Structures are given as C-alpha cells and as structure tokens.
Amino acid sequence: MPVLNQLWAYVAAANRAQQALTTYPQTPATEEALFIMSRAYDKLGLTPLRDDADRLLRTNFPSSSFLAGGKAADAKPWWKFW
C-alpha cells in the first residue's frame with residue numbers, strides 16, 4: 001500500500017502544479033510548478049510529459065536554480081510570507 005500512496009502523491013503534485021500554471025500563468029510560481037511537474041512525471045514513468053515540462057522549464061528559465069539541482073536548502077520558499 002505505501003507504493004500506491006507514493007504514486008497518488010506524485011499524481012496529486014503534478015495536478016496541483018498544472019492547475020497553478022493554468023489558473024495563474026506568468027507568476028513567480030511558474031518556474032517551480034514546471035519543475036514539480038517534471039519530477040512527478042519522471043517518478044510516474046510518464047517520459048513524454050516529463051520531457052515536455054523539462055523543455056518548457058529550460059526554454060523559459062534557462063538560468064533556473066532548479067536545473068542545477070534544486071534550490072538551496074536555506075532558500076526561503078516563495079509561498080512563505082512570515
């Protein structure tokens with residue numbers, strides 16, 4: 001059952017990221033949403049979708065910190081206001 005729960009978590013993450021891109025295009029969260037989609041699709045074995053999300057991330061954010069292995073551990077998340 002834990003493996004199934006992990007799969008559902010990746011599906012949920014990809015869906016939330018896609019919803020954010022659809023509902024709020026061209027916001028600061030776009031970069032991270034594309035990264036989340038790429039990672040989630042990779043874990044789910046959805047290679048064409050992973051490649052599309054990765055291509056969009058690389059095209060629109062060529063100097064993204066996510067492309068260099070993710071954000072720094074001490075970086076403040078975009079959603080944390082306090």
# chains A, B, ... in the order shown; residues from 1 in each chain; ligands from 1
>>> select_by_dssp(residues="stretch 29-76 of chain A", states="alpha helix (DSSP H)", output="NGL selection string")
:A and (29-44 or 47-60)
>>> residues_around(residues="stretch 47-59 of chain A", least_positions_apart="5", cutoff="12 Å", atoms="only C-alpha atoms", output="compact mmCIF listing (two decimals) with C-alpha atoms, in the first residue's frame")
# COMPACT_ATOMS: atom_id res chain seq x y z
CA ALA A 14 1.52 17.09 -10.93
CA ALA A 17 1.28 22.23 -10.43
CA GLN A 18 -0.67 22.02 -13.68
CA LEU A 21 0.04 27.03 -14.35
CA ALA A 29 5.38 30.09 -9.14
CA THR A 30 5.56 29.08 -12.82
CA GLU A 31 9.20 28.04 -12.61
CA GLU A 32 8.69 25.82 -9.59
CA ALA A 33 5.45 24.35 -10.98
CA LEU A 34 7.25 23.24 -14.14
CA PHE A 35 9.98 21.66 -12.01
CA ILE A 36 7.42 19.84 -9.85
CA MET A 37 5.62 18.57 -12.94
CA SER A 38 8.88 17.34 -14.45
CA ARG A 39 9.88 15.46 -11.29
CA ALA A 40 6.41 14.00 -10.71
CA TYR A 41 6.09 12.79 -14.31
CA ASP A 42 9.55 11.27 -14.06
CA SER A 64 16.86 28.31 -13.15
CA SER A 65 18.30 27.09 -9.88
CA PHE A 66 16.08 24.02 -10.26
CA LEU A 67 18.13 22.94 -13.28
CA ALA A 68 21.29 22.98 -11.16
>>> atom_distance(atom1="atom CA of A:Tyr24", atom2="atom CA of A:Ala9")
21.9 Å
>>> closest_residue(among="A:Phe61, A:Ala13, A:Leu44, A:Val3", to="A:Gln26", atoms="only C-alpha atoms")
A:Phe61
>>> atom_distance(atom1="atom CA of A:Pro25", atom2="atom CA of A:Leu46")
23.3 Å
>>> atom_distance(atom1="atom CA of A:Gln19", atom2="atom CA of A:Lys43")
19.0 Å
